[in-house]
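Visitor: Below is the structure I would like to discuss, written out as structure tokens.
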Amino acid sequence: MKVRIDSERCQGHGRCYDLAPAVFGEDEEGYGVVLHDGLVPADAEALAQRAAANCPESAIVVEASE
Amino acid sequence: MTTDERFAASFDEMRQQRLDGIRNEPVVGPVSDWATDFSHLEPAWADDPYPIQDDLRQRCPIAHTGRFGGGWLPTRYDDVAAIAYDTDHFSSRAIIMSNFRPPPELAPVGGSPPISSDPPFHHDARKLLLPAFTRNAVGRLEPAARAYCHEVIDSFGDRTEVDAAIEYAQHIPVRVIAEMLGFPPEDAPRFREFIESALEGVNAPPDERVAKFGALFDYLLHQIRDHVDNPRDDLTTYLINVELYGNKLDAWHVAGTMGLLLIAGIDTTWSAIGASLWHLAGNPADRRRLVSDPALLPTAMEEFLRAYAPVTMARLVKQDMHWRGVDMKADDWILLSFPAANRDGGQFERAGEVVIDREVNRHIAFGLGIHRCIGSHLARMELRVALEVWLQRIPEFSLADPEAVRWAPGQVRGPRTVPVHVGE
């Protein structure tokens with residue numbers, strides 16, 4: 001699984017890095033960033049999905065890996 | 001003593017440089033029909049706004065009022081979100097729906113940047129503050145906040161009746177914000193006065209409004225002068241020295257932002273902590289579940305924020321327009337109710353219930369779009385720590401007198417008094 005953050009939509013609510021700290025981090029202004037180039041560790045997939053479902057701005061895009 | 005010529009001696013002196021805005025006569029008294037005459041300052045709204053909002057969402061989703069010189073109240077999630085995102089048609093020049101509209105010349109800065117600012121200025125003013133409010137930055141304040149929560153509970157001794165709002169919830173954000181701004185914590189009673197007059201006193205006579213606003217600004221100017229003389233590592237000194245577009249900020253910007261942080265940083269969080277404790281005092285099943293499973297608290301806390309979102313914002317309509325079925329006029333207010341959006345059954349399943357293990361919770365208690373509450377990470381830290389410590393120390397508590405609970409009217413709603421009985 002891969003994730004990315006639409007930086008046009010992200011406003012720094014931080015739900016993603018609160019819920020899935022193995023997948024998302026914060027930059028120096030609090031906006032979300034993806035870790036590991038957006039590659040989601042297998043054991044963090046459910047949390048990544050949960051983070052995406054809780055983003056108030058719907059800024060997280062989840063892509064199945066090929 | 002050093003001097004900094006940007007800062008006047010008093011609010012009266014500062015006011016001479018400003019154009020006056022537009023005032024209208026306050027209209028008070030019971031609401032005849034919430035669809036055509038709403039007022040968030042009336043006791044019926046303060047006591048329980050949710051049935052009113054639910055009713056409007058069904059029969060008149062964008063309600064109107066002639067009070068406050070005219071305004072609109074959208075109650076559907078989609079309409080609230082659309083307005084939060086649409087800075088072309090809705091201005092943040094004023095964000096407290098009252099009987100005073102600041103002059104149009106005040107845009108795009110507004111009286112309390114960045115919350116009162118419009119693009120493109122907004123982005124630059126906000127950027128100055130963001131680093132101090134990241135989760136990482138506010139995490140450094142957590143140990144002191146936790147110790148303070150314990151200290152407050154220690155002070156209860158072996159009393160079996162305490163007020164969870166007055167004696168606990170309100171003290172935590174007051175202490176944290178005073179520390180961040182570098183204000184003396186013993187001034188806390190004055191902060192409460194400023195908050196009440198800014199947010200709850202919007203229907204007071206104009207002279208009284210101006211005088212109270214002046215008292216806040218005089219206090220801020222006093223703190224600014226003290227920080228000019230004795231710089232220290234806090235947000236006040238930072239705002240005095242920071243540069244935007246190559247210049248230091250003017251006095252209105254410095255004092256306006258300080259006033260914003262003081263007012264928005266205190267009773268919002270106080271309301272969130274108080275509403276959560278009120279819920280737990282009245283819902284023993286939820287309370288016991290959190291006591292036995294503290295790992296659920298972060299999830300439960302988001303649900304308290306959704307169901308009891310304390311903050312409602314306001315906007316001003318920029319130009320006459322037809323918008324989603326209603327005819328809005330330039331300078332009409334929009335009462336932007338995040339609480340109403342958060343209880344829209346079209347957006348949330350079981351919207352009217354408090355489901356403390358709700359896993360998917362895209363609530364907008366902290367707003368949406370460019371004005372997302374800058375203090376959201378701070379508020380979440382304070383709320384989590386306050387609830388953790390309370391539940392550890394006082395796992396058994398209940399409402400001592402449900403009838404005595406009083407909720408604040410206006411745009412920040414939370415319980416101002418919650419007497420609880422401690423113990424079985």
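Chain labels follow the order of the structure tokens: the first chain is A, the next B, and so on; residue numbering restarts at 1 in every chain, and ligands are counted from 1 in their shown order.
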Report as a list in words all protein, DNA and RNA residues lying within 7 Å of Val40 in chain A, evaluated on only C-alpha atoms, omitting residues in the same chain fewer than 3 positions from it.
Guide: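 Final neighbour list, sorted by chain and number: Met1, Lys2, Val23, Ala44 and Glu45 of chain A.
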Visitor: Please identify every residue of chain A that has at least one atom no more than 9 Å from any atom of chain B, counting only C-alpha atoms, and report them as a ChimeraX atom specification.
Guide: /A:9-14,26-31,50-51,53-58
Visitor: Can you list, as a PyMOL selection string, every protein, DNA or RNA residue that comes within 7 Å of Ala275 in chain B when you count only C-alpha atoms, leaving out same-chain residues fewer than 3 positions away?
Guide: chain B and resi 271-272+278-279+308+414-415
Visitor: Next, dump the selected residues to file, keeping only N, CA and C atoms, as an mmCIF file, in the first residue's frame.
Guide:
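This went into selection08.cif:
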data_model
loop_
_atom_site.group_PDB
_atom_site.id
_atom_site.type_symbol
_atom_site.label_atom_id
_atom_site.label_comp_id
_atom_site.auth_asym_id
_atom_site.auth_seq_id
_atom_site.Cartn_x
_atom_site.Cartn_y
_atom_site.Cartn_z
ATOM 1 N N SER B 271 -13.950 24.920 27.715
ATOM 2 C CA SER B 271 -15.263 24.376 27.347
ATOM 3 C C SER B 271 -15.160 22.913 26.958
ATOM 4 N N ALA B 272 -14.104 22.537 26.227
ATOM 5 C CA ALA B 272 -13.965 21.146 25.775
ATOM 6 C C ALA B 272 -13.715 20.224 26.967
ATOM 7 N N TRP B 278 -18.484 16.808 32.054
ATOM 8 C CA TRP B 278 -19.935 16.812 32.253
ATOM 9 C C TRP B 278 -20.547 15.551 31.654
ATOM 10 N N HIS B 279 -20.118 15.187 30.451
ATOM 11 C CA HIS B 279 -20.643 13.973 29.810
ATOM 12 C C HIS B 279 -20.327 12.743 30.663
ATOM 13 N N TYR B 308 -19.700 17.813 21.204
ATOM 14 C CA TYR B 308 -19.808 19.041 22.005
ATOM 15 C C TYR B 308 -18.827 20.102 21.508
ATOM 16 N N GLY B 414 -19.684 26.062 26.366
ATOM 17 C CA GLY B 414 -19.214 25.009 27.254
ATOM 18 C C GLY B 414 -19.849 25.234 28.594
ATOM 19 N N PRO B 415 -19.786 24.233 29.487
ATOM 20 C CA PRO B 415 -20.404 24.393 30.794
ATOM 21 C C PRO B 415 -19.523 25.264 31.688
#
Visitor: Would you please work out which residue, of B:Phe90, B:Asp20, B:Asp267, B:Ser32, is nearest to Asp320 in chain B when using only C-alpha atoms?
Guide: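 Nearest candidate to Asp320 in chain B out of B:Phe90, B:Asp20, B:Asp267, B:Ser32: B:Phe90.
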Visitor: Would you mind writing down, as a short mmCIF file (atom, residue, chain, number, x, y, z; two decimals) with C-alpha atoms, in the first residue's frame, each residue of chain A that DSSP on the backbone assigns to helix (DSSP H, G or I)?
Guide:
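Final output, saved to result-v3.cif:
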data_model
loop_
_atom_site.label_atom_id
_atom_site.label_comp_id
_atom_site.auth_asym_id
_atom_site.auth_seq_id
_atom_site.Cartn_x
_atom_site.Cartn_y
_atom_site.Cartn_z
CA ARG A 15 -4.96 13.46 12.54
CA CYS A 16 -2.75 11.33 10.27
CA TYR A 17 0.42 11.58 12.34
CA ASP A 18 -1.57 11.15 15.57
CA LEU A 19 -3.27 7.98 14.34
CA HIS A 36 9.30 6.13 3.70
CA ASP A 37 8.22 7.81 0.43
CA GLY A 38 4.65 6.88 1.29
CA ALA A 42 2.46 -4.09 6.13
CA ASP A 43 1.56 -3.96 9.81
CA ALA A 44 0.46 -0.32 9.56
CA GLU A 45 -2.01 -0.63 6.70
CA ALA A 46 -5.11 -0.60 8.88
CA LEU A 47 -3.88 2.50 10.72
CA ALA A 48 -3.06 4.23 7.44
CA GLN A 49 -6.61 3.55 6.24
CA ARG A 50 -7.97 4.82 9.52
CA ALA A 51 -5.89 8.00 9.25
CA ALA A 52 -7.19 8.60 5.73
CA ALA A 53 -10.78 8.11 6.92
CA ASN A 54 -10.30 10.63 9.74
#
Visitor: Extract, using only C-alpha atoms, all DNA, RNA and protein residues at most 12 Å from Pro120 in chain B, discarding same-chain residues fewer than 2 positions from it, and format them as a PDB file with N, CA, C and O atoms, in the first residue's frame.
Guide:
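So part.pdb came out as:
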ATOM      1  N   THR B  87     -13.184  31.595   0.515  1.00  0.00           N
ATOM      2  CA  THR B  87     -12.727  32.901   0.992  1.00  0.00           C
ATOM      3  C   THR B  87     -12.936  33.991  -0.059  1.00  0.00           C
ATOM      4  O   THR B  87     -12.682  35.158   0.210  1.00  0.00           O
ATOM      5  N   ASP B  88     -13.409  33.610  -1.267  1.00  0.00           N
ATOM      6  CA  ASP B  88     -13.709  34.631  -2.277  1.00  0.00           C
ATOM      7  C   ASP B  88     -15.009  35.364  -1.946  1.00  0.00           C
ATOM      8  O   ASP B  88     -15.133  36.559  -2.202  1.00  0.00           O
ATOM      9  N   ALA B 107      -9.953  44.904   6.197  1.00  0.00           N
ATOM     10  CA  ALA B 107      -9.516  43.710   5.453  1.00  0.00           C
ATOM     11  C   ALA B 107      -8.264  44.089   4.655  1.00  0.00           C
ATOM     12  O   ALA B 107      -8.119  45.248   4.272  1.00  0.00           O
ATOM     13  N   PRO B 108      -7.345  43.187   4.390  1.00  0.00           N
ATOM     14  CA  PRO B 108      -7.391  41.764   4.699  1.00  0.00           C
ATOM     15  C   PRO B 108      -6.753  41.413   6.045  1.00  0.00           C
ATOM     16  O   PRO B 108      -6.641  40.245   6.360  1.00  0.00           O
ATOM     17  N   VAL B 109      -6.367  42.404   6.858  1.00  0.00           N
ATOM     18  CA  VAL B 109      -5.671  42.084   8.115  1.00  0.00           C
ATOM     19  C   VAL B 109      -6.674  41.733   9.217  1.00  0.00           C
ATOM     20  O   VAL B 109      -6.564  40.690   9.853  1.00  0.00           O
ATOM     21  N   PRO B 114      -4.038  36.030  12.780  1.00  0.00           N
ATOM     22  CA  PRO B 114      -4.562  35.747  11.434  1.00  0.00           C
ATOM     23  C   PRO B 114      -6.027  35.291  11.390  1.00  0.00           C
ATOM     24  O   PRO B 114      -6.549  35.122  10.303  1.00  0.00           O
ATOM     25  N   SER B 117      -8.061  37.538   9.249  1.00  0.00           N
ATOM     26  CA  SER B 117      -7.406  37.937   8.001  1.00  0.00           C
ATOM     27  C   SER B 117      -7.922  37.128   6.819  1.00  0.00           C
ATOM     28  O   SER B 117      -8.329  35.983   6.959  1.00  0.00           O
ATOM     29  N   ASP B 118      -7.869  37.770   5.654  1.00  0.00           N
ATOM     30  CA  ASP B 118      -8.236  37.104   4.404  1.00  0.00           C
ATOM     31  C   ASP B 118      -6.974  36.923   3.558  1.00  0.00           C
ATOM     32  O   ASP B 118      -5.968  37.619   3.769  1.00  0.00           O
ATOM     33  N   HIS B 122      -3.418  36.587   5.014  1.00  0.00           N
ATOM     34  CA  HIS B 122      -3.643  35.565   6.039  1.00  0.00           C
ATOM     35  C   HIS B 122      -2.508  34.549   6.133  1.00  0.00           C
ATOM     36  O   HIS B 122      -2.020  34.218   7.217  1.00  0.00           O
ATOM     37  N   HIS B 123      -2.110  34.042   4.971  1.00  0.00           N
ATOM     38  CA  HIS B 123      -1.104  32.980   4.942  1.00  0.00           C
ATOM     39  C   HIS B 123       0.192  33.434   5.609  1.00  0.00           C
ATOM     40  O   HIS B 123       0.813  32.690   6.369  1.00  0.00           O
ATOM     41  N   ASP B 124       0.590  34.669   5.329  1.00  0.00           N
ATOM     42  CA  ASP B 124       1.877  35.151   5.836  1.00  0.00           C
ATOM     43  C   ASP B 124       1.818  35.421   7.341  1.00  0.00           C
ATOM     44  O   ASP B 124       2.766  35.146   8.077  1.00  0.00           O
ATOM     45  N   ALA B 125       0.686  35.940   7.802  1.00  0.00           N
ATOM     46  CA  ALA B 125       0.535  36.199   9.240  1.00  0.00           C
ATOM     47  C   ALA B 125       0.459  34.888  10.012  1.00  0.00           C
ATOM     48  O   ALA B 125       0.994  34.765  11.118  1.00  0.00           O
ATOM     49  N   ARG B 126      -0.208  33.913   9.418  1.00  0.00           N
ATOM     50  CA  ARG B 126      -0.350  32.612  10.084  1.00  0.00           C
ATOM     51  C   ARG B 126       0.988  31.884  10.163  1.00  0.00           C
ATOM     52  O   ARG B 126       1.296  31.238  11.176  1.00  0.00           O
ATOM     53  N   LYS B 127       1.760  32.009   9.094  1.00  0.00           N
ATOM     54  CA  LYS B 127       3.056  31.316   9.019  1.00  0.00           C
ATOM     55  C   LYS B 127       3.970  31.717  10.186  1.00  0.00           C
ATOM     56  O   LYS B 127       4.754  30.914  10.677  1.00  0.00           O
ATOM     57  N   ILE B 370      -8.316  27.104   5.376  1.00  0.00           N
ATOM     58  CA  ILE B 370      -7.114  27.876   5.760  1.00  0.00           C
ATOM     59  C   ILE B 370      -7.149  28.373   7.200  1.00  0.00           C
ATOM     60  O   ILE B 370      -6.105  28.688   7.761  1.00  0.00           O
TER      61      ILE B 370
END
